[in-house]
file target_36.cif (mmCIF, C-alpha atoms and all ligand atoms; chains and numbers go by the auth columns)
data_coords
loop_
_atom_site.group_PDB
_atom_site.id
_atom_site.type_symbol
_atom_site.label_atom_id
_atom_site.label_comp_id
_atom_site.label_asym_id
_atom_site.label_seq_id
_atom_site.Cartn_x
_atom_site.Cartn_y
_atom_site.Cartn_z
_atom_site.B_iso_or_equiv
_atom_site.auth_seq_id
_atom_site.auth_asym_id
ATOM 1 C CA MET A 1 -5.161 0.394 -11.644 0.00 1 A
ATOM 2 C CA PHE A 2 -4.167 3.017 -9.095 0.00 2 A
ATOM 3 C CA ARG A 3 -0.603 4.344 -9.264 0.00 3 A
ATOM 4 C CA THR A 4 1.317 6.420 -6.750 0.00 4 A
ATOM 5 C CA GLN A 5 5.038 7.159 -6.386 0.00 5 A
ATOM 6 C CA ARG A 6 7.666 7.233 -3.621 0.00 6 A
ATOM 7 C CA ARG A 7 11.312 8.279 -3.767 0.00 7 A
ATOM 8 C CA ILE A 8 13.944 6.205 -1.975 0.00 8 A
ATOM 9 C CA GLU A 9 15.378 8.433 0.752 0.00 9 A
ATOM 10 C CA PHE A 10 18.889 8.175 2.239 0.00 10 A
ATOM 11 C CA ARG A 11 17.448 6.744 5.470 0.00 11 A
ATOM 12 C CA ASP A 12 15.849 3.924 3.449 0.00 12 A
ATOM 13 C CA THR A 13 19.167 2.522 2.288 0.00 13 A
ATOM 14 C CA ASP A 14 21.460 0.009 3.963 0.00 14 A
ATOM 15 C CA ALA A 15 25.236 -0.342 4.209 0.00 15 A
ATOM 16 C CA ALA A 16 25.256 -1.818 0.698 0.00 16 A
ATOM 17 C CA GLY A 17 23.616 1.362 -0.624 0.00 17 A
ATOM 18 C CA ILE A 18 20.369 -0.337 -1.594 0.00 18 A
ATOM 19 C CA ALA A 19 16.862 0.045 -0.257 0.00 19 A
ATOM 20 C CA HIS A 20 16.461 -2.190 2.804 0.00 20 A
ATOM 21 C CA PHE A 21 13.811 -4.900 2.491 0.00 21 A
ATOM 22 C CA SER A 22 11.830 -3.473 5.435 0.00 22 A
ATOM 23 C CA VAL A 23 11.142 -0.088 3.797 0.00 23 A
ATOM 24 C CA PHE A 24 8.810 -1.688 1.266 0.00 24 A
ATOM 25 C CA PHE A 25 6.228 -2.365 4.000 0.00 25 A
ATOM 26 C CA PRO A 26 5.627 1.290 5.006 0.00 26 A
ATOM 27 C CA MET A 27 5.663 2.188 1.305 0.00 27 A
ATOM 28 C CA MET A 28 2.862 -0.355 0.718 0.00 28 A
ATOM 29 C CA GLU A 29 0.940 1.036 3.677 0.00 29 A
ATOM 30 C CA VAL A 30 1.202 4.626 2.421 0.00 30 A
ATOM 31 C CA ALA A 31 0.282 3.550 -1.130 0.00 31 A
ATOM 32 C CA GLU A 32 -2.812 1.810 0.262 0.00 32 A
ATOM 33 C CA HIS A 33 -3.720 4.988 2.163 0.00 33 A
ATOM 34 C CA ASP A 34 -3.274 6.997 -1.053 0.00 34 A
ATOM 35 C CA LEU A 35 -5.698 4.627 -2.819 0.00 35 A
ATOM 36 C CA ILE A 36 -8.242 4.938 0.022 0.00 36 A
ATOM 37 C CA ARG A 37 -8.070 8.753 -0.087 0.00 37 A
ATOM 38 C CA SER A 38 -8.419 8.698 -3.884 0.00 38 A
ATOM 39 C CA LEU A 39 -11.786 6.963 -3.346 0.00 39 A
ATOM 40 C CA GLY A 40 -12.934 9.797 -1.078 0.00 40 A
ATOM 41 C CA LEU A 41 -12.631 7.618 2.021 0.00 41 A
ATOM 42 C CA SER A 42 -10.765 8.374 5.238 0.00 42 A
ATOM 43 C CA VAL A 43 -7.939 6.109 6.346 0.00 43 A
ATOM 44 C CA LEU A 44 -9.187 6.491 9.905 0.00 44 A
ATOM 45 C CA SER A 45 -12.970 6.511 10.156 0.00 45 A
ATOM 46 C CA GLU A 46 -14.532 9.755 11.330 0.00 46 A
ATOM 47 C CA ALA A 47 -15.975 7.965 14.356 0.00 47 A
ATOM 48 C CA THR A 48 -12.543 6.693 15.414 0.00 48 A
ATOM 49 C CA ARG A 49 -10.988 10.128 14.985 0.00 49 A
ATOM 50 C CA ASP A 50 -13.828 11.789 16.925 0.00 50 A
ATOM 51 C CA ARG A 51 -13.412 9.383 19.806 0.00 51 A
ATOM 52 C CA GLU A 52 -9.692 10.089 19.991 0.00 52 A
ATOM 53 C CA ASN A 53 -10.212 13.851 19.765 0.00 53 A
ATOM 54 C CA ARG A 54 -13.116 14.122 22.159 0.00 54 A
ATOM 55 C CA GLY A 55 -12.220 11.575 24.820 0.00 55 A
ATOM 56 C CA GLY A 56 -14.584 8.754 23.883 0.00 56 A
ATOM 57 C CA ASP A 57 -17.971 10.503 23.816 0.00 57 A
ATOM 58 C CA ASN A 58 -18.869 9.542 20.235 0.00 58 A
ATOM 59 C CA PRO A 59 -21.650 6.923 20.170 0.00 59 A
ATOM 60 C CA GLY A 60 -21.047 5.685 16.563 0.00 60 A
ATOM 61 C CA PRO A 61 -19.325 2.393 15.718 0.00 61 A
ATOM 62 C CA GLN A 62 -15.567 2.670 15.723 0.00 62 A
ATOM 63 C CA VAL A 63 -14.419 1.008 12.508 0.00 63 A
ATOM 64 C CA THR A 64 -10.754 0.308 11.925 0.00 64 A
ATOM 65 C CA TRP A 65 -8.619 -1.810 9.574 0.00 65 A
ATOM 66 C CA PRO A 66 -5.847 -3.764 11.348 0.00 66 A
ATOM 67 C CA ARG A 67 -3.511 -5.758 9.114 0.00 67 A
ATOM 68 C CA VAL A 68 -3.359 -9.541 9.473 0.00 68 A
ATOM 69 C CA ALA A 69 -0.810 -10.385 6.751 0.00 69 A
ATOM 70 C CA ALA A 70 1.948 -8.698 4.776 0.00 70 A
ATOM 71 C CA THR A 71 4.243 -10.169 2.110 0.00 71 A
ATOM 72 C CA CYS A 72 6.948 -8.839 -0.177 0.00 72 A
ATOM 73 C CA ASP A 73 9.082 -10.399 -2.924 0.00 73 A
ATOM 74 C CA TYR A 74 12.095 -8.595 -4.335 0.00 74 A
ATOM 75 C CA GLN A 75 13.141 -8.745 -7.989 0.00 75 A
ATOM 76 C CA SER A 76 15.771 -6.004 -8.392 0.00 76 A
ATOM 77 C CA VAL A 77 17.480 -3.353 -6.300 0.00 77 A
ATOM 78 C CA ALA A 78 16.305 0.183 -5.660 0.00 78 A
ATOM 79 C CA ARG A 79 18.824 2.852 -4.666 0.00 79 A
ATOM 80 C CA PHE A 80 18.937 6.305 -3.066 0.00 80 A
ATOM 81 C CA GLU A 81 16.849 8.818 -5.076 0.00 81 A
ATOM 82 C CA ASP A 82 15.196 6.215 -7.274 0.00 82 A
ATOM 83 C CA LEU A 83 11.604 7.215 -7.923 0.00 83 A
ATOM 84 C CA LEU A 84 9.441 4.120 -7.574 0.00 84 A
ATOM 85 C CA ASN A 85 6.035 3.675 -9.178 0.00 85 A
ATOM 86 C CA ILE A 86 3.684 1.744 -6.911 0.00 86 A
ATOM 87 C CA ASP A 87 0.688 0.147 -8.604 0.00 87 A
ATOM 88 C CA VAL A 88 -2.043 -0.856 -6.163 0.00 88 A
ATOM 89 C CA THR A 89 -4.938 -3.211 -6.835 0.00 89 A
ATOM 90 C CA VAL A 90 -7.505 -5.037 -4.745 0.00 90 A
ATOM 91 C CA LEU A 91 -6.767 -8.755 -5.149 0.00 91 A
ATOM 92 C CA LYS A 92 -9.526 -10.089 -2.899 0.00 92 A
ATOM 93 C CA LEU A 93 -12.610 -8.701 -1.209 0.00 93 A
ATOM 94 C CA GLY A 94 -13.807 -11.093 1.471 0.00 94 A
ATOM 95 C CA SER A 95 -16.601 -10.776 3.951 0.00 95 A
ATOM 96 C CA SER A 96 -14.483 -8.780 6.417 0.00 96 A
ATOM 97 C CA SER A 97 -11.052 -8.771 4.757 0.00 97 A
ATOM 98 C CA VAL A 98 -9.470 -6.965 1.850 0.00 98 A
ATOM 99 C CA GLN A 99 -6.199 -8.044 0.261 0.00 99 A
ATOM 100 C CA TYR A 100 -4.274 -5.374 -1.629 0.00 100 A
ATOM 101 C CA GLY A 101 -1.603 -6.160 -4.229 0.00 101 A
ATOM 102 C CA PHE A 102 1.392 -3.891 -4.922 0.00 102 A
ATOM 103 C CA ARG A 103 3.882 -3.743 -7.766 0.00 103 A
ATOM 104 C CA PHE A 104 6.970 -1.534 -7.416 0.00 104 A
ATOM 105 C CA THR A 105 8.712 -0.524 -10.630 0.00 105 A
ATOM 106 C CA ARG A 106 11.363 1.983 -11.596 0.00 106 A
ATOM 107 C CA SER A 107 12.087 3.447 -14.965 0.00 107 A
ATOM 108 C CA ASP A 108 15.475 3.481 -16.664 0.00 108 A
ATOM 109 C CA GLU A 109 15.303 7.263 -16.380 0.00 109 A
ATOM 110 C CA SER A 110 15.737 7.063 -12.611 0.00 110 A
ATOM 111 C CA ALA A 111 18.908 5.014 -13.151 0.00 111 A
ATOM 112 C CA SER A 112 20.270 7.646 -15.559 0.00 112 A
ATOM 113 C CA SER A 113 19.839 10.391 -12.923 0.00 113 A
ATOM 114 C CA ARG A 114 22.625 8.696 -10.929 0.00 114 A
ATOM 115 C CA GLY A 115 25.244 9.809 -13.429 0.00 115 A
ATOM 116 C CA GLY A 116 24.460 8.350 -16.855 0.00 116 A
ATOM 117 C CA SER A 117 23.222 10.408 -19.784 0.00 117 A
ATOM 118 C CA ARG A 118 19.502 11.160 -19.789 0.00 118 A
ATOM 119 C CA PRO A 119 17.568 9.231 -22.435 0.00 119 A
ATOM 120 C CA GLY A 120 16.486 11.315 -25.418 0.00 120 A
ATOM 121 C CA PRO A 121 12.888 11.611 -26.617 0.00 121 A
ATOM 122 C CA LEU A 122 13.333 8.789 -29.141 0.00 122 A
ATOM 123 C CA ASP A 123 15.012 6.465 -26.668 0.00 123 A
ATOM 124 C CA ALA A 124 12.622 3.535 -26.074 0.00 124 A
ATOM 125 C CA SER A 125 14.337 2.650 -22.789 0.00 125 A
ATOM 126 C CA ALA A 126 12.925 5.878 -21.278 0.00 126 A
ATOM 127 C CA ASP A 127 9.522 4.168 -21.050 0.00 127 A
ATOM 128 C CA ARG A 128 10.829 0.820 -19.859 0.00 128 A
ATOM 129 C CA GLU A 129 9.835 -0.157 -16.343 0.00 129 A
ATOM 130 C CA ILE A 130 11.916 -2.556 -14.306 0.00 130 A
ATOM 131 C CA SER A 131 10.141 -4.677 -11.712 0.00 131 A
ATOM 132 C CA VAL A 132 11.604 -4.000 -8.250 0.00 132 A
ATOM 133 C CA ALA A 133 9.212 -5.755 -5.855 0.00 133 A
ATOM 134 C CA THR A 134 5.728 -7.160 -5.483 0.00 134 A
ATOM 135 C CA GLY A 135 3.767 -7.489 -2.290 0.00 135 A
ATOM 136 C CA THR A 136 0.449 -7.882 -0.554 0.00 136 A
ATOM 137 C CA LEU A 137 -1.264 -6.500 2.530 0.00 137 A
ATOM 138 C CA THR A 138 -4.422 -7.944 4.084 0.00 138 A
ATOM 139 C CA ALA A 139 -6.576 -5.746 6.327 0.00 139 A
ATOM 140 C CA VAL A 140 -9.668 -6.786 8.265 0.00 140 A
ATOM 141 C CA CYS A 141 -12.607 -4.499 8.868 0.00 141 A
ATOM 142 C CA CYS A 142 -13.062 -4.375 12.637 0.00 142 A
ATOM 143 C CA GLU A 143 -15.106 -2.621 15.223 0.00 143 A
ATOM 144 C CA LEU A 144 -13.002 -1.098 17.944 0.00 144 A
ATOM 145 C CA LEU A 145 -14.678 -2.071 21.200 0.00 145 A
ATOM 146 C CA PRO A 146 -13.929 -0.650 24.649 0.00 146 A
ATOM 147 C CA GLN A 147 -10.466 -1.459 26.013 0.00 147 A
ATOM 148 C CA GLY A 148 -9.189 -1.523 22.432 0.00 148 A
ATOM 149 C CA VAL A 149 -10.642 -4.954 21.641 0.00 149 A
ATOM 150 C CA LEU A 150 -10.893 -5.642 17.904 0.00 150 A
ATOM 151 C CA GLN A 151 -13.900 -7.526 16.539 0.00 151 A
ATOM 152 C CA LYS A 152 -14.177 -8.320 12.845 0.00 152 A
ATOM 153 C CA THR A 153 -17.241 -7.007 11.047 0.00 153 A
ATOM 154 C CA SER A 154 -18.544 -7.051 7.459 0.00 154 A
ATOM 155 C CA ILE A 155 -17.033 -4.504 5.114 0.00 155 A
ATOM 156 C CA PRO A 156 -19.657 -1.716 4.766 0.00 156 A
ATOM 157 C CA GLU A 157 -21.423 -1.971 1.385 0.00 157 A
ATOM 158 C CA SER A 158 -20.452 1.583 0.381 0.00 158 A
ATOM 159 C CA VAL A 159 -16.760 0.850 1.044 0.00 159 A
ATOM 160 C CA ARG A 160 -16.982 -2.539 -0.695 0.00 160 A
ATOM 161 C CA ASN A 161 -18.427 -0.933 -3.835 0.00 161 A
ATOM 162 C CA LEU A 162 -15.602 1.626 -3.968 0.00 162 A
ATOM 163 C CA LEU A 163 -12.856 -0.961 -3.386 0.00 163 A
ATOM 164 C CA ALA A 164 -14.431 -3.258 -5.994 0.00 164 A
ATOM 165 C CA LYS A 165 -13.539 -0.674 -8.667 0.00 165 A
ATOM 166 C CA HIS A 166 -9.909 -1.692 -8.138 0.00 166 A
ATOM 167 C CA LEU A 167 -10.427 -5.467 -8.161 0.00 167 A
ATOM 168 C CA SER A 168 -7.861 -7.131 -10.382 0.00 168 A
ATOM 169 C CA LYS A 169 -7.031 -10.731 -11.201 0.00 169 A
ATOM 170 C CA GLN A 170 -3.397 -9.765 -11.670 0.00 170 A
ATOM 171 C CA THR A 171 -1.091 -12.086 -9.740 0.00 171 A
ATOM 172 C CA PHE A 172 1.593 -10.681 -7.478 0.00 172 A
ATOM 173 C CA SER A 173 4.047 -13.558 -7.394 0.00 173 A
ATOM 174 C CA ALA A 174 7.818 -13.548 -7.095 0.00 174 A
ATOM 175 C CA ASP A 175 8.095 -14.370 -10.818 0.00 175 A
ATOM 176 C CA PRO A 176 9.192 -11.381 -12.859 0.00 176 A
ATOM 177 C CA ALA A 177 6.325 -10.460 -15.220 0.00 177 A
HETATM 178 C C1 LIG B . -8.144 -8.649 13.232 0.00 1 B
HETATM 179 C C2 LIG B . -8.478 -9.802 14.194 0.00 1 B
HETATM 180 C C3 LIG B . -9.338 -9.290 15.366 0.00 1 B
HETATM 181 C C4 LIG B . -9.288 -10.829 13.425 0.00 1 B
HETATM 182 O O1 LIG B . -9.449 -11.949 14.251 0.00 1 B
HETATM 183 P P1 LIG B . -10.546 -13.067 13.861 0.00 1 B
HETATM 184 O O2 LIG B . -10.265 -14.254 14.689 0.00 1 B
HETATM 185 O O3 LIG B . -11.920 -12.487 13.937 0.00 1 B
HETATM 186 O O4 LIG B . -10.130 -13.302 12.344 0.00 1 B
HETATM 187 P P2 LIG B . -10.476 -14.484 11.349 0.00 1 B
HETATM 188 O O5 LIG B . -9.456 -15.550 11.498 0.00 1 B
HETATM 189 O O6 LIG B . -11.913 -14.865 11.440 0.00 1 B
HETATM 190 O O7 LIG B . -10.196 -13.737 9.973 0.00 1 B
HETATM 191 C C5 LIG B . -10.928 -12.593 9.607 0.00 1 B
HETATM 192 C C6 LIG B . -10.722 -12.347 8.128 0.00 1 B
HETATM 193 O O8 LIG B . -9.321 -12.141 7.858 0.00 1 B
HETATM 194 C C7 LIG B . -8.820 -13.145 6.951 0.00 1 B
HETATM 195 N N1 LIG B . -7.468 -13.482 7.415 0.00 1 B
HETATM 196 C C8 LIG B . -7.106 -13.748 8.679 0.00 1 B
HETATM 197 N N2 LIG B . -5.789 -14.020 8.736 0.00 1 B
HETATM 198 C C9 LIG B . -5.322 -13.922 7.479 0.00 1 B
HETATM 199 C C10 LIG B . -4.032 -14.100 6.872 0.00 1 B
HETATM 200 N N3 LIG B . -2.962 -14.421 7.616 0.00 1 B
HETATM 201 N N4 LIG B . -3.911 -13.932 5.555 0.00 1 B
HETATM 202 C C11 LIG B . -4.996 -13.588 4.781 0.00 1 B
HETATM 203 N N5 LIG B . -6.248 -13.403 5.304 0.00 1 B
HETATM 204 C C12 LIG B . -6.410 -13.587 6.622 0.00 1 B
HETATM 205 C C13 LIG B . -9.793 -14.314 7.073 0.00 1 B
HETATM 206 O O9 LIG B . -9.756 -15.080 5.911 0.00 1 B
HETATM 207 C C14 LIG B . -11.108 -13.563 7.263 0.00 1 B
HETATM 208 O O10 LIG B . -11.517 -13.047 5.999 0.00 1 B
HETATM 209 P P3 LIG B . -13.066 -12.901 5.552 0.00 1 B
HETATM 210 O O11 LIG B . -13.048 -11.871 4.476 0.00 1 B
HETATM 211 O O12 LIG B . -13.479 -14.255 5.066 0.00 1 B
HETATM 212 O O13 LIG B . -13.856 -12.458 6.746 0.00 1 B
HETATM 213 C C15 LIG B . -7.196 -10.486 14.749 0.00 1 B
HETATM 214 O O14 LIG B . -6.609 -11.193 13.706 0.00 1 B
HETATM 215 C C16 LIG B . -6.209 -9.489 15.329 0.00 1 B
HETATM 216 O O15 LIG B . -6.489 -8.796 16.302 0.00 1 B
HETATM 217 N N6 LIG B . -5.023 -9.451 14.733 0.00 1 B
HETATM 218 C C17 LIG B . -3.967 -8.525 15.160 0.00 1 B
HETATM 219 C C18 LIG B . -4.011 -7.288 14.263 0.00 1 B
HETATM 220 C C19 LIG B . -2.792 -6.414 14.481 0.00 1 B
HETATM 221 O O16 LIG B . -2.420 -6.139 15.613 0.00 1 B
HETATM 222 N N7 LIG B . -2.168 -5.985 13.378 0.00 1 B
HETATM 223 C C20 LIG B . -0.968 -5.179 13.376 0.00 1 B
HETATM 224 C C21 LIG B . -1.217 -3.701 13.614 0.00 1 B
HETATM 225 S S1 LIG B . -2.506 -2.980 12.656 0.00 1 B
HETATM 226 C C22 LIG B . -1.763 -1.683 11.759 0.00 1 B
HETATM 227 O O17 LIG B . -0.575 -1.652 11.675 0.00 1 B
HETATM 228 C C23 LIG B . -2.604 -0.678 11.053 0.00 1 B
HETATM 229 C C24 LIG B . -2.033 -0.070 9.953 0.00 1 B
HETATM 230 C C25 LIG B . -2.764 0.835 9.184 0.00 1 B
HETATM 231 O O18 LIG B . -2.213 1.401 8.090 0.00 1 B
HETATM 232 C C26 LIG B . -4.090 1.170 9.525 0.00 1 B
HETATM 233 C C27 LIG B . -4.842 2.055 8.744 0.00 1 B
HETATM 234 C C28 LIG B . -6.157 2.319 9.083 0.00 1 B
HETATM 235 C C29 LIG B . -6.724 1.748 10.206 0.00 1 B
HETATM 236 C C30 LIG B . -6.003 0.878 10.996 0.00 1 B
HETATM 237 C C31 LIG B . -4.664 0.570 10.676 0.00 1 B
HETATM 238 C C32 LIG B . -3.897 -0.345 11.436 0.00 1 B
HETATM 239 O O19 LIG B . -4.434 -0.882 12.553 0.00 1 B
#
call {"tool": "encode", "arguments": {"input": "target_36.cif", "output": "structure tokens", "more": "lines below"}}
Ligand SMILES: CC(C)(COP(=O)(O)OP(=O)(O)OC[C@H]1O[C@@H](n2cnc3c(N)ncnc32)[C@H](O)[C@@H]1OP(=O)(O)O)[C@@H](O)C(=O)NCCC(=O)NCCSC(=O)c1cc(O)c2ccccc2c1O
result
Amino acid sequence: MFRTQRRIEFRDTDAAGIAHFSVFFPMMEVAEHDLIRSLGLSVLSEATRDRENRGGDNPGPQVTWPRVAATCDYQSVARFEDLLNIDVTVLKLGSSSVQYGFRFTRSDESASSRGGSRPGPLDASADREISVATGTLTAVCCELLPQGVLQKTSIPESVRNLLAKHLSKQTFSADPA
């Protein structure tokens, strides 16, 4: 299981003072990018970056990963300054597609930083994690053809093998675990 963290910023909150539902999508995207970098891969393939930097003179295949589906279910609120844990797994590795699963949690400690007393070292609640949201993103491995046309292609074997390390059967449903 890969874990990264994001803090809820002031701009992420709505008039009710809670994190807006939409902010979970960019957080999932960034968490996925963190996972990809942790595997030693680039979020944007070298060939794609070269083409953008050098005006299209790179002959290699331009591989990119557009998203075809995104879901999120919300179990409890997150507020300004809450530090969220984001667990990322690979739920499904298809021929061209990869579905990532995300679980957002916060600890009771983040709640105490809003004014309550900090939990002591023997306080069991310090380790307790509260489920905030669960979600999925599905990306498809594509070649970027001239004029920006996307054409699905098989996930390269080297990438598949790295992503397979994070395959998990864990379900990411709306039901609190
Ligand atoms: C991407 C497409 C060109 C694919 O079209 P095609 O017709 O070839 O697709 P298929 O129907 O055959 O499906 C291929 C593959 O995907 C699975 N799949 C399709 N739809 C879904 C779905 N709704 N839910 C789950 N899975 C789905 C299907 O089962 C197949 O799986 P296999 O494994 O069996 O092959 C075409 O769909 C297209 O052009 N879509 C629009 C894409 C788009 O504009 N997306 C939004 C912007 S992309 C983006 O935001 C983005 C974000 C990033 O963070 C990136 C990071 C790095 C690189 C790129 C990024 C990026 O583009």
call {"tool": "closest_residue", "arguments": {"input": "target_36.cif", "among": "A:Leu162, A:Ser168, A:Cys72, A:Thr64", "to": "Ile36 of chain A", "atoms": "all atoms listed in the file"}}
result
A:Leu162
call {"tool": "residues_near_ligand", "arguments": {"input": "target_36.cif", "ligand": "ligand LIG 1 (chain B)", "cutoff": "7 Å", "atoms": "only C-alpha atoms and all ligand atoms", "output": "list in words"}}
result
Glu29, Val43, Leu44, Thr64, Trp65, Pro66, Arg67, Val68, Ala69, Leu93, Gly94, Ser95, Ser96, Ser97, Val98, Thr138, Val140, Cys142, Leu150, Gln151 and Lys152 of chain A
call {"tool": "closest_residue", "arguments": {"input": "target_36.cif", "among": "A:Leu84, A:Val159, A:Leu167, A:Val30", "to": "Val132 of chain A", "atoms": "all atoms listed in the file"}}
result
A:Leu84
call {"tool": "resolve_selection", "arguments": {"input": "target_36.cif", "expression": "the PyMOL selection byres (((chain A and resi 82) around 6) and not hetatm)", "output": "CSV table (one decimal) with C-alpha atoms, in the frame of the given file"}}
result
chain,number,residue,atom,x,y,z
A,7,ARG,CA,11.3,8.3,-3.8
A,8,ILE,CA,13.9,6.2,-2.0
A,79,ARG,CA,18.8,2.9,-4.7
A,80,PHE,CA,18.9,6.3,-3.1
A,81,GLU,CA,16.8,8.8,-5.1
A,83,LEU,CA,11.6,7.2,-7.9
A,110,SER,CA,15.7,7.1,-12.6
call {"tool": "atom_distance", "arguments": {"input": "target_36.cif", "atom1": "atom CA of His33 of chain A", "atom2": "atom CA of Arg11 of chain A"}}
result
21.5 Å
call {"tool": "closest_residue", "arguments": {"input": "target_36.cif", "among": "A:Glu157, A:Glu129, A:Asp12, A:Asp87", "to": "Pro26 of chain A", "atoms": "all atoms listed in the file"}}
result
A:Asp12
call {"tool": "resolve_selection", "arguments": {"input": "target_36.cif", "expression": "the PyMOL selection byres (((chain A and resi 100-103) around 7) and not hetatm)", "output": "VMD selection string"}}
result
chain A and resid 28 86 to 91 98 to 99 104 to 105 133 to 138 172
call {"tool": "atom_distance", "arguments": {"input": "target_36.cif", "atom1": "atom CA of Val149 of chain A", "atom2": "atom CA of Met27 of chain A"}}
result
27.0 Å
call {"tool": "decode", "arguments": {"input": "target_36.cif", "residues": "segment 125-173 of chain A", "atoms": "C-alpha atoms", "output": "PDB file, in the first residue's frame"}}
result
ATOM      1  CA  SER A 125      -7.383   7.623  19.921  1.00  0.00           C
ATOM      2  CA  ALA A 126      -4.125   9.204  18.662  1.00  0.00           C
ATOM      3  CA  ASP A 127      -3.714   6.238  16.297  1.00  0.00           C
ATOM      4  CA  ARG A 128      -7.350   6.038  15.260  1.00  0.00           C
ATOM      5  CA  GLU A 129      -8.054   6.857  11.634  1.00  0.00           C
ATOM      6  CA  ILE A 130     -11.432   8.121  10.525  1.00  0.00           C
ATOM      7  CA  SER A 131     -12.543   7.329   6.987  1.00  0.00           C
ATOM      8  CA  VAL A 132     -13.211  10.565   5.073  1.00  0.00           C
ATOM      9  CA  ALA A 133     -13.658   9.447   1.455  1.00  0.00           C
ATOM     10  CA  THR A 134     -12.968   6.664  -1.002  1.00  0.00           C
ATOM     11  CA  GLY A 135     -12.568   7.004  -4.727  1.00  0.00           C
ATOM     12  CA  THR A 136     -11.299   5.612  -7.987  1.00  0.00           C
ATOM     13  CA  LEU A 137      -9.602   6.930 -11.108  1.00  0.00           C
ATOM     14  CA  THR A 138      -9.269   5.001 -14.370  1.00  0.00           C
ATOM     15  CA  ALA A 139      -6.551   5.980 -16.851  1.00  0.00           C
ATOM     16  CA  VAL A 140      -5.966   4.516 -20.303  1.00  0.00           C
ATOM     17  CA  CYS A 141      -2.543   4.113 -21.835  1.00  0.00           C
ATOM     18  CA  CYS A 142      -2.660   5.988 -25.136  1.00  0.00           C
ATOM     19  CA  GLU A 143      -0.412   7.001 -27.940  1.00  0.00           C
ATOM     20  CA  LEU A 144      -0.637  10.675 -28.719  1.00  0.00           C
ATOM     21  CA  LEU A 145      -0.934  10.905 -32.490  1.00  0.00           C
ATOM     22  CA  PRO A 146      -0.594  14.050 -34.603  1.00  0.00           C
ATOM     23  CA  GLN A 147      -3.323  16.655 -34.076  1.00  0.00           C
ATOM     24  CA  GLY A 148      -3.628  15.451 -30.483  1.00  0.00           C
ATOM     25  CA  VAL A 149      -5.580  12.303 -31.370  1.00  0.00           C
ATOM     26  CA  LEU A 150      -5.549   9.696 -28.593  1.00  0.00           C
ATOM     27  CA  GLN A 151      -5.300   6.008 -29.482  1.00  0.00           C
ATOM     28  CA  LYS A 152      -5.347   3.355 -26.778  1.00  0.00           C
ATOM     29  CA  THR A 153      -2.364   1.026 -26.625  1.00  0.00           C
ATOM     30  CA  SER A 154      -1.243  -1.851 -24.382  1.00  0.00           C
ATOM     31  CA  ILE A 155       0.335  -0.873 -21.092  1.00  0.00           C
ATOM     32  CA  PRO A 156       4.120  -1.347 -21.565  1.00  0.00           C
ATOM     33  CA  GLU A 157       5.293  -4.519 -19.783  1.00  0.00           C
ATOM     34  CA  SER A 158       7.834  -2.626 -17.652  1.00  0.00           C
ATOM     35  CA  VAL A 159       5.129  -0.226 -16.413  1.00  0.00           C
ATOM     36  CA  ARG A 160       2.658  -3.081 -15.864  1.00  0.00           C
ATOM     37  CA  ASN A 161       5.168  -4.955 -13.692  1.00  0.00           C
ATOM     38  CA  LEU A 162       5.763  -1.877 -11.521  1.00  0.00           C
ATOM     39  CA  LEU A 163       2.049  -1.089 -11.129  1.00  0.00           C
ATOM     40  CA  ALA A 164       1.329  -4.751 -10.337  1.00  0.00           C
ATOM     41  CA  LYS A 165       3.316  -4.341  -7.096  1.00  0.00           C
ATOM     42  CA  HIS A 166       0.426  -2.202  -5.844  1.00  0.00           C
ATOM     43  CA  LEU A 167      -2.417  -4.488  -6.945  1.00  0.00           C
ATOM     44  CA  SER A 168      -4.920  -4.912  -4.145  1.00  0.00           C
ATOM     45  CA  LYS A 169      -8.254  -6.675  -3.843  1.00  0.00           C
ATOM     46  CA  GLN A 170      -9.379  -4.075  -1.326  1.00  0.00           C
ATOM     47  CA  THR A 171     -12.800  -2.684  -2.212  1.00  0.00           C
ATOM     48  CA  PHE A 172     -13.381   1.050  -2.336  1.00  0.00           C
ATOM     49  CA  SER A 173     -17.115   1.221  -1.756  1.00  0.00           C
TER      50      SER A 173
END
